[in-house]
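Comments concern the structure below.
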Amino acid sequence: MAPVPPILVRTARRCWRWQWQQLMGGLAPADSEGNYRRPAGVFTALPPLPEDAAAPDGHVLIVGRSCPWAHRAWLVWSLRGLAGSIALEVVEPDPEAGRWRFTRPFLGCTTLQELYRACGAPAATRATVPVLVSRRRQRVVVGESARLIELLNQWPSGQALDLDPAPQREATGRWRERLQHSVNDGVYRCGFARTQAAYDRAEAALFATLAEVEEQLSTRPDPWLSGPMLSLADVQLFPTLIRLELVYAPLFGVSRLPLWQLPALWRWRSRFHALPGVADTCAAAAWRQDYFGTLFPLHPSGIVPAGPCLATLVAEPPAGGHTPGETP
Ligand SMILES: N[C@@H](CCC(=O)N[C@@H](CS)C(=O)NCC(=O)O)C(=O)O
């Protein structure tokens, strides 16, 4: 085959770079230094607990399988056994339109965007998951995951599980704050960075925080991040970590350290995954399909990788793989 003339390669590169910037502008806004800036949402305040919270099927939690922000809400819903009063509605991505759609009409809407508009969201706002909706009032209760998990933790439940236990509340709050920026949003700041420097900053912050988590989990006897009891800090960490090798390492370039080299974190992840109901919230094939199939500017071929298999990520770590402090 004849070699491609260098001028063609140079032109193609320039054209692609320009197109990539345009496409990224729509997918992931950035500041002037190329750092990803997550757009502000709507329905973000923590509301009081609704009077009819205990009413059977009175509320609906809308989630998308691949979304880590939705995953944290789904986890609290599942761990606290809220299925009696809150129904779960799983939306699917519409890759062509770049939005979430219902699998069957929901409160008269076929897309999440229609639902947001019907609930009074301004036309330009993004319609994001997770979102909690009141069936009776046909209104969004809250659409910001960090507040939503706090509300779901107060929601009346037959189970006594409190995910913000008072003795470790301060530590839980500290970890949640740290994780939100550098880990939960951090992987997106890596994947959606527009410049090398922006990526380097986000990547360094992410792995510095993971090293702190590893230190915490490996030097204390507590099984959970903020103390002896499971908390919202663990809930926040899990959706990001369970997607690490499946999606974020290959697609977002978050591959400095395989997780098995942070053995305490690896064990923590397996422990969390083994909690009742958690495995049902994990759908590796759907995650791969959604991320690799729909994030066109990051992965134009749309080819979906075959692995790794989720079961291997929650199994025993490979023997003798870790030397403390070692960076490959
Ligand atoms: N701040 C929101 C962010 C949620 C979010 O960004 N969800 C994404 C899916 S992972 C979404 O629904 N995006 C749709 C869109 O931007 O149009 C939260 O934490 O609840």
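Labeling convention for the structure tokens: chains A, B, ... as they appear, residues from 1 per chain, ligands from 1 in order of appearance.
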- Message: For range 150-152 of chain A, find every residue with an atom within 9 Å (counting only C-alpha atoms), except residues of its own chain fewer than 6 positions away, and show them as a ChimeraX atom specification.
- Response: /A:46-49,73,76-77,80,82,142,163-164,232
- Task: Considering only C-alpha atoms, return as a VMD selection string whatever protein or nucleic-acid residues lie within 10 Å of Ser231 in chain A, sequence-local ones (same chain, fewer than 2 positions apart) excluded.
- Result: chain A and resid 76 153 161 to 165 168 to 169 171 to 173 176 224 to 229 233 to 236
Output the selection as a PDB file, in the first residue's frame - N, CA, C and O atoms for each residue.
```pdb
ATOM      1  N   VAL A  76     -27.901   3.655  47.762  1.00  0.00           N
ATOM      2  CA  VAL A  76     -28.569   3.986  49.036  1.00  0.00           C
ATOM      3  C   VAL A  76     -29.990   3.422  49.022  1.00  0.00           C
ATOM      4  O   VAL A  76     -30.464   2.848  50.008  1.00  0.00           O
ATOM      5  N   ASN A 153     -31.048   8.835  52.759  1.00  0.00           N
ATOM      6  CA  ASN A 153     -30.583   8.294  54.032  1.00  0.00           C
ATOM      7  C   ASN A 153     -31.538   8.635  55.175  1.00  0.00           C
ATOM      8  O   ASN A 153     -31.549   7.968  56.199  1.00  0.00           O
ATOM      9  N   LEU A 161     -30.547   0.850  58.962  1.00  0.00           N
ATOM     10  CA  LEU A 161     -29.240   1.295  58.477  1.00  0.00           C
ATOM     11  C   LEU A 161     -29.163   2.820  58.309  1.00  0.00           C
ATOM     12  O   LEU A 161     -29.915   3.408  57.541  1.00  0.00           O
ATOM     13  N   ASP A 162     -28.239   3.441  59.055  1.00  0.00           N
ATOM     14  CA  ASP A 162     -27.974   4.867  58.914  1.00  0.00           C
ATOM     15  C   ASP A 162     -26.603   5.018  58.257  1.00  0.00           C
ATOM     16  O   ASP A 162     -25.590   4.582  58.817  1.00  0.00           O
ATOM     17  N   LEU A 163     -26.573   5.644  57.093  1.00  0.00           N
ATOM     18  CA  LEU A 163     -25.308   5.754  56.365  1.00  0.00           C
ATOM     19  C   LEU A 163     -24.547   7.040  56.701  1.00  0.00           C
ATOM     20  O   LEU A 163     -23.557   7.357  56.043  1.00  0.00           O
ATOM     21  N   ASP A 164     -25.045   7.754  57.717  1.00  0.00           N
ATOM     22  CA  ASP A 164     -24.280   8.908  58.193  1.00  0.00           C
ATOM     23  C   ASP A 164     -24.204   8.823  59.723  1.00  0.00           C
ATOM     24  O   ASP A 164     -24.690   9.716  60.435  1.00  0.00           O
ATOM     25  N   PRO A 165     -23.607   7.731  60.241  1.00  0.00           N
ATOM     26  CA  PRO A 165     -23.634   7.496  61.682  1.00  0.00           C
ATOM     27  C   PRO A 165     -22.918   8.610  62.458  1.00  0.00           C
ATOM     28  O   PRO A 165     -21.828   9.046  62.064  1.00  0.00           O
ATOM     29  N   GLN A 168     -19.038   8.989  63.458  1.00  0.00           N
ATOM     30  CA  GLN A 168     -18.016   9.215  62.423  1.00  0.00           C
ATOM     31  C   GLN A 168     -18.476  10.241  61.376  1.00  0.00           C
ATOM     32  O   GLN A 168     -17.950  10.279  60.260  1.00  0.00           O
ATOM     33  N   ARG A 169     -19.450  11.093  61.815  1.00  0.00           N
ATOM     34  CA  ARG A 169     -20.034  12.032  60.847  1.00  0.00           C
ATOM     35  C   ARG A 169     -19.012  13.018  60.287  1.00  0.00           C
ATOM     36  O   ARG A 169     -19.016  13.344  59.101  1.00  0.00           O
ATOM     37  N   ALA A 171     -15.737  12.656  59.935  1.00  0.00           N
ATOM     38  CA  ALA A 171     -14.834  11.991  58.978  1.00  0.00           C
ATOM     39  C   ALA A 171     -15.571  11.681  57.676  1.00  0.00           C
ATOM     40  O   ALA A 171     -15.024  11.849  56.578  1.00  0.00           O
ATOM     41  N   THR A 172     -16.822  11.279  57.786  1.00  0.00           N
ATOM     42  CA  THR A 172     -17.613  10.991  56.579  1.00  0.00           C
ATOM     43  C   THR A 172     -17.714  12.248  55.710  1.00  0.00           C
ATOM     44  O   THR A 172     -17.481  12.200  54.498  1.00  0.00           O
ATOM     45  N   GLY A 173     -18.028  13.363  56.338  1.00  0.00           N
ATOM     46  CA  GLY A 173     -18.172  14.627  55.609  1.00  0.00           C
ATOM     47  C   GLY A 173     -16.864  15.021  54.936  1.00  0.00           C
ATOM     48  O   GLY A 173     -16.856  15.460  53.774  1.00  0.00           O
ATOM     49  N   ARG A 176     -16.206  12.695  51.982  1.00  0.00           N
ATOM     50  CA  ARG A 176     -17.149  12.937  50.872  1.00  0.00           C
ATOM     51  C   ARG A 176     -16.729  14.156  50.060  1.00  0.00           C
ATOM     52  O   ARG A 176     -16.766  14.147  48.840  1.00  0.00           O
ATOM     53  N   TRP A 224     -14.338   0.209  56.868  1.00  0.00           N
ATOM     54  CA  TRP A 224     -14.935   1.211  55.981  1.00  0.00           C
ATOM     55  C   TRP A 224     -14.157   2.513  56.044  1.00  0.00           C
ATOM     56  O   TRP A 224     -13.376   2.737  56.979  1.00  0.00           O
ATOM     57  N   LEU A 225     -14.428   3.361  55.081  1.00  0.00           N
ATOM     58  CA  LEU A 225     -13.571   4.525  54.868  1.00  0.00           C
ATOM     59  C   LEU A 225     -13.552   5.513  56.026  1.00  0.00           C
ATOM     60  O   LEU A 225     -12.501   6.007  56.426  1.00  0.00           O
ATOM     61  N   SER A 226     -14.713   5.824  56.588  1.00  0.00           N
ATOM     62  CA  SER A 226     -14.703   6.846  57.641  1.00  0.00           C
ATOM     63  C   SER A 226     -14.794   6.243  59.035  1.00  0.00           C
ATOM     64  O   SER A 226     -14.949   6.970  60.005  1.00  0.00           O
ATOM     65  N   GLY A 227     -14.679   4.932  59.161  1.00  0.00           N
ATOM     66  CA  GLY A 227     -14.718   4.328  60.500  1.00  0.00           C
ATOM     67  C   GLY A 227     -15.252   2.907  60.466  1.00  0.00           C
ATOM     68  O   GLY A 227     -15.297   2.278  59.405  1.00  0.00           O
ATOM     69  N   PRO A 228     -15.703   2.414  61.622  1.00  0.00           N
ATOM     70  CA  PRO A 228     -16.154   1.025  61.667  1.00  0.00           C
ATOM     71  C   PRO A 228     -17.472   0.779  60.927  1.00  0.00           C
ATOM     72  O   PRO A 228     -17.790  -0.358  60.587  1.00  0.00           O
ATOM     73  N   MET A 229     -18.247   1.847  60.703  1.00  0.00           N
ATOM     74  CA  MET A 229     -19.557   1.649  60.061  1.00  0.00           C
ATOM     75  C   MET A 229     -19.554   2.140  58.601  1.00  0.00           C
ATOM     76  O   MET A 229     -18.902   3.145  58.281  1.00  0.00           O
ATOM     77  N   ALA A 233     -19.626   8.012  52.584  1.00  0.00           N
ATOM     78  CA  ALA A 233     -18.297   8.145  51.953  1.00  0.00           C
ATOM     79  C   ALA A 233     -17.989   6.895  51.133  1.00  0.00           C
ATOM     80  O   ALA A 233     -17.503   6.985  49.999  1.00  0.00           O
ATOM     81  N   ASP A 234     -18.284   5.722  51.696  1.00  0.00           N
ATOM     82  CA  ASP A 234     -18.086   4.474  50.949  1.00  0.00           C
ATOM     83  C   ASP A 234     -18.995   4.453  49.722  1.00  0.00           C
ATOM     84  O   ASP A 234     -18.577   4.053  48.632  1.00  0.00           O
ATOM     85  N   VAL A 235     -20.240   4.880  49.933  1.00  0.00           N
ATOM     86  CA  VAL A 235     -21.210   4.893  48.829  1.00  0.00           C
ATOM     87  C   VAL A 235     -20.707   5.786  47.686  1.00  0.00           C
ATOM     88  O   VAL A 235     -20.878   5.467  46.513  1.00  0.00           O
ATOM     89  N   GLN A 236     -20.079   6.883  48.029  1.00  0.00           N
ATOM     90  CA  GLN A 236     -19.572   7.783  46.988  1.00  0.00           C
ATOM     91  C   GLN A 236     -18.369   7.214  46.255  1.00  0.00           C
ATOM     92  O   GLN A 236     -18.170   7.460  45.070  1.00  0.00           O
TER      93      GLN A 236
END
```
- Item | Shell of 10 Å around Pro39 in chain A, only C-alpha atoms, local chain residues under 4 positions omitted, as a PyMOL selection string | chain A and resi 28-30+125-126
Any chance you can output those residues with all heavy atoms as a tab-separated table (two decimals), in the first residue's frame?
```tsv
chain	number	residue	atom	x	y	z
A	28	ALA	N	-18.44	18.51	26.98
A	28	ALA	CA	-17.78	18.75	28.27
A	28	ALA	C	-17.15	20.14	28.30
A	28	ALA	O	-16.02	20.30	27.84
A	28	ALA	CB	-16.70	17.68	28.48
A	29	PRO	N	-17.87	21.13	28.82
A	29	PRO	CA	-17.33	22.49	28.84
A	29	PRO	C	-16.01	22.57	29.60
A	29	PRO	O	-15.80	21.83	30.56
A	29	PRO	CB	-18.39	23.30	29.58
A	29	PRO	CG	-19.56	22.41	29.75
A	29	PRO	CD	-19.16	21.01	29.46
A	30	ALA	N	-15.12	23.45	29.12
A	30	ALA	CA	-13.82	23.59	29.78
A	30	ALA	C	-13.53	25.06	30.00
A	30	ALA	O	-14.10	25.93	29.32
A	30	ALA	CB	-12.74	22.97	28.91
A	125	THR	N	-31.27	24.04	30.52
A	125	THR	CA	-30.59	23.19	31.51
A	125	THR	C	-30.49	21.74	31.04
A	125	THR	O	-31.34	21.26	30.29
A	125	THR	CB	-31.34	23.16	32.87
A	125	THR	OG1	-32.72	23.15	32.61
A	125	THR	CG2	-30.92	24.25	33.78
A	126	ARG	N	-29.43	21.08	31.50
A	126	ARG	CA	-29.24	19.67	31.17
A	126	ARG	C	-30.18	18.84	32.02
A	126	ARG	O	-30.41	19.14	33.18
A	126	ARG	CB	-27.81	19.24	31.49
A	126	ARG	CG	-26.76	19.92	30.66
A	126	ARG	CD	-25.44	19.92	31.41
A	126	ARG	NE	-24.88	18.58	31.56
A	126	ARG	CZ	-24.46	18.06	32.72
A	126	ARG	NH1	-24.57	18.73	33.83
A	126	ARG	NH2	-23.93	16.86	32.77
```
- Message: Around ligand 1, which protein and nucleic acid residues have at least one atom no more than 8 Å from it, if we count only C-alpha atoms and all ligand atoms? List them as a ChimeraX atom specification.
- Response: /A:27,38-41,44,64,66-70,98-100,126-131,143-146,148
- Message: So that I can check the surroundings of Glu212 in chain A, please list as an MDAnalysis selection string every protein, DNA and RNA residue that reaches within 12 Å of it, counting only C-alpha atoms and ignoring chain neighbours fewer than 3 positions away.
- Response: chainID A and resid 175 178:179 182:183 205:209 215:219 225 262 264:265 325
Restricting the output to N, CA, C and O atoms, write the selected residues as a PDB file, in the first residue's frame.
```
ATOM      1  N   TRP A 175     -14.335  13.055  54.010  1.00  0.00           N
ATOM      2  CA  TRP A 175     -14.030  12.170  52.877  1.00  0.00           C
ATOM      3  C   TRP A 175     -14.946  12.455  51.692  1.00  0.00           C
ATOM      4  O   TRP A 175     -14.519  12.448  50.533  1.00  0.00           O
ATOM      5  N   ARG A 178     -13.766  15.459  49.789  1.00  0.00           N
ATOM      6  CA  ARG A 178     -12.502  15.184  49.086  1.00  0.00           C
ATOM      7  C   ARG A 178     -12.747  14.305  47.843  1.00  0.00           C
ATOM      8  O   ARG A 178     -12.232  14.571  46.772  1.00  0.00           O
ATOM      9  N   LEU A 179     -13.575  13.267  48.035  1.00  0.00           N
ATOM     10  CA  LEU A 179     -13.837  12.334  46.935  1.00  0.00           C
ATOM     11  C   LEU A 179     -14.593  13.010  45.794  1.00  0.00           C
ATOM     12  O   LEU A 179     -14.322  12.766  44.621  1.00  0.00           O
ATOM     13  N   SER A 182     -11.944  15.265  43.690  1.00  0.00           N
ATOM     14  CA  SER A 182     -10.747  14.697  43.071  1.00  0.00           C
ATOM     15  C   SER A 182     -10.932  13.268  42.562  1.00  0.00           C
ATOM     16  O   SER A 182     -10.148  12.818  41.737  1.00  0.00           O
ATOM     17  N   VAL A 183     -11.941  12.570  43.040  1.00  0.00           N
ATOM     18  CA  VAL A 183     -12.135  11.190  42.558  1.00  0.00           C
ATOM     19  C   VAL A 183     -13.403  11.090  41.696  1.00  0.00           C
ATOM     20  O   VAL A 183     -13.327  10.738  40.516  1.00  0.00           O
ATOM     21  N   ALA A 205      -4.127  14.715  41.164  1.00  0.00           N
ATOM     22  CA  ALA A 205      -5.040  14.873  42.314  1.00  0.00           C
ATOM     23  C   ALA A 205      -5.794  13.573  42.577  1.00  0.00           C
ATOM     24  O   ALA A 205      -5.985  13.156  43.729  1.00  0.00           O
ATOM     25  N   LEU A 206      -6.197  12.907  41.507  1.00  0.00           N
ATOM     26  CA  LEU A 206      -6.936  11.641  41.650  1.00  0.00           C
ATOM     27  C   LEU A 206      -6.084  10.594  42.352  1.00  0.00           C
ATOM     28  O   LEU A 206      -6.505   9.994  43.357  1.00  0.00           O
ATOM     29  N   PHE A 207      -4.863  10.386  41.854  1.00  0.00           N
ATOM     30  CA  PHE A 207      -4.055   9.312  42.445  1.00  0.00           C
ATOM     31  C   PHE A 207      -3.525   9.694  43.827  1.00  0.00           C
ATOM     32  O   PHE A 207      -3.287   8.811  44.664  1.00  0.00           O
ATOM     33  N   ALA A 208      -3.368  10.992  44.093  1.00  0.00           N
ATOM     34  CA  ALA A 208      -2.970  11.406  45.446  1.00  0.00           C
ATOM     35  C   ALA A 208      -4.089  11.047  46.425  1.00  0.00           C
ATOM     36  O   ALA A 208      -3.838  10.554  47.542  1.00  0.00           O
ATOM     37  N   THR A 209      -5.322  11.259  46.022  1.00  0.00           N
ATOM     38  CA  THR A 209      -6.445  10.946  46.920  1.00  0.00           C
ATOM     39  C   THR A 209      -6.589   9.431  47.087  1.00  0.00           C
ATOM     40  O   THR A 209      -6.824   8.944  48.196  1.00  0.00           O
ATOM     41  N   GLU A 215      -3.920   4.516  52.340  1.00  0.00           N
ATOM     42  CA  GLU A 215      -3.225   4.707  53.620  1.00  0.00           C
ATOM     43  C   GLU A 215      -4.218   4.541  54.774  1.00  0.00           C
ATOM     44  O   GLU A 215      -3.984   3.820  55.740  1.00  0.00           O
ATOM     45  N   GLN A 216      -5.366   5.191  54.633  1.00  0.00           N
ATOM     46  CA  GLN A 216      -6.401   5.126  55.672  1.00  0.00           C
ATOM     47  C   GLN A 216      -6.859   3.678  55.893  1.00  0.00           C
ATOM     48  O   GLN A 216      -6.946   3.200  57.007  1.00  0.00           O
ATOM     49  N   LEU A 217      -7.130   2.986  54.776  1.00  0.00           N
ATOM     50  CA  LEU A 217      -7.682   1.632  54.901  1.00  0.00           C
ATOM     51  C   LEU A 217      -6.631   0.609  55.327  1.00  0.00           C
ATOM     52  O   LEU A 217      -6.959  -0.408  55.926  1.00  0.00           O
ATOM     53  N   SER A 218      -5.371   0.898  55.030  1.00  0.00           N
ATOM     54  CA  SER A 218      -4.351  -0.108  55.352  1.00  0.00           C
ATOM     55  C   SER A 218      -3.731   0.096  56.726  1.00  0.00           C
ATOM     56  O   SER A 218      -3.104  -0.807  57.255  1.00  0.00           O
ATOM     57  N   THR A 219      -3.921   1.282  57.322  1.00  0.00           N
ATOM     58  CA  THR A 219      -3.271   1.518  58.625  1.00  0.00           C
ATOM     59  C   THR A 219      -4.262   1.478  59.787  1.00  0.00           C
ATOM     60  O   THR A 219      -3.865   1.610  60.928  1.00  0.00           O
ATOM     61  N   LEU A 225     -14.428   3.361  55.081  1.00  0.00           N
ATOM     62  CA  LEU A 225     -13.571   4.525  54.868  1.00  0.00           C
ATOM     63  C   LEU A 225     -13.552   5.513  56.026  1.00  0.00           C
ATOM     64  O   LEU A 225     -12.501   6.007  56.426  1.00  0.00           O
ATOM     65  N   LEU A 262      -3.068  -1.288  44.955  1.00  0.00           N
ATOM     66  CA  LEU A 262      -3.547  -0.627  46.181  1.00  0.00           C
ATOM     67  C   LEU A 262      -4.405  -1.684  46.889  1.00  0.00           C
ATOM     68  O   LEU A 262      -5.630  -1.648  46.826  1.00  0.00           O
ATOM     69  N   ALA A 264      -5.420  -2.589  49.859  1.00  0.00           N
ATOM     70  CA  ALA A 264      -6.478  -2.332  50.847  1.00  0.00           C
ATOM     71  C   ALA A 264      -7.730  -1.816  50.130  1.00  0.00           C
ATOM     72  O   ALA A 264      -8.856  -2.176  50.473  1.00  0.00           O
ATOM     73  N   LEU A 265      -7.491  -0.973  49.132  1.00  0.00           N
ATOM     74  CA  LEU A 265      -8.621  -0.458  48.344  1.00  0.00           C
ATOM     75  C   LEU A 265      -9.273  -1.583  47.553  1.00  0.00           C
ATOM     76  O   LEU A 265     -10.488  -1.632  47.418  1.00  0.00           O
ATOM     77  N   GLY A 325       4.558   1.734  48.117  1.00  0.00           N
ATOM     78  CA  GLY A 325       5.264   2.904  47.629  1.00  0.00           C
ATOM     79  C   GLY A 325       5.771   2.745  46.196  1.00  0.00           C
ATOM     80  O   GLY A 325       6.244   3.687  45.595  1.00  0.00           O
TER      81      GLY A 325
END
```
- Rounded to one decimal in Å, what is the spacing between CA of Ala118 in chain A and CA of Val140 in chain A? 9.6 Å
- Contacts of range 281-283 of chain A within 8 Å, only C-alpha atoms, excl. fewer than 5 positions in-chain, as a PyMOL selection string: chain A and resi 65-66+71+74-75
Can you write out as CSV which residues of range 206-265 of chain A fall within 12 Å of range 289-294 of chain A, alongside each residue's closest atom pair and its distance in Å to one decimal, counting only C-alpha atoms and ordering rows by chain and ascending residue number?
```
residue,atom,partner,partner_atom,distance
A:Arg243,CA,A:Tyr291,CA,10.5
A:Leu246,CA,A:Tyr291,CA,9.9
A:Val247,CA,A:Tyr291,CA,7.1
A:Tyr248,CA,A:Tyr291,CA,9.2
A:Pro250,CA,A:Phe292,CA,9.7
A:Leu251,CA,A:Phe292,CA,7.5
A:Phe252,CA,A:Tyr291,CA,10.2
```
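Shell of Pro258 in chain A at 9 Å, with only C-alpha atoms counted and residues fewer than 4 places along the chain excluded, is Leu244, Glu245, Ala249 and Leu262 of chain A.
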- Item | All residues 8 Å or closer to Ala53 in chain A, only C-alpha atoms, same chain fewer than 5 positions away omitted, as a PyMOL selection string | chain A and resi 58-59+85+155-156
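In this comparison, which uses only C-alpha atoms, the residue of A:Val4, A:Ala87, A:Leu313, A:Leu107 approaching Trp260 in chain A most closely is A:Leu313.
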- Task: Please give the complete set of residues from range 83-295 of chain A that DSSP, run on the backbone, assigns to alpha helix (DSSP H), formatted as a ChimeraX atom specification.
- Result: /A:112-118,145-154,169-179,186-191,196-219,232-242,249-252,263-273,284-294
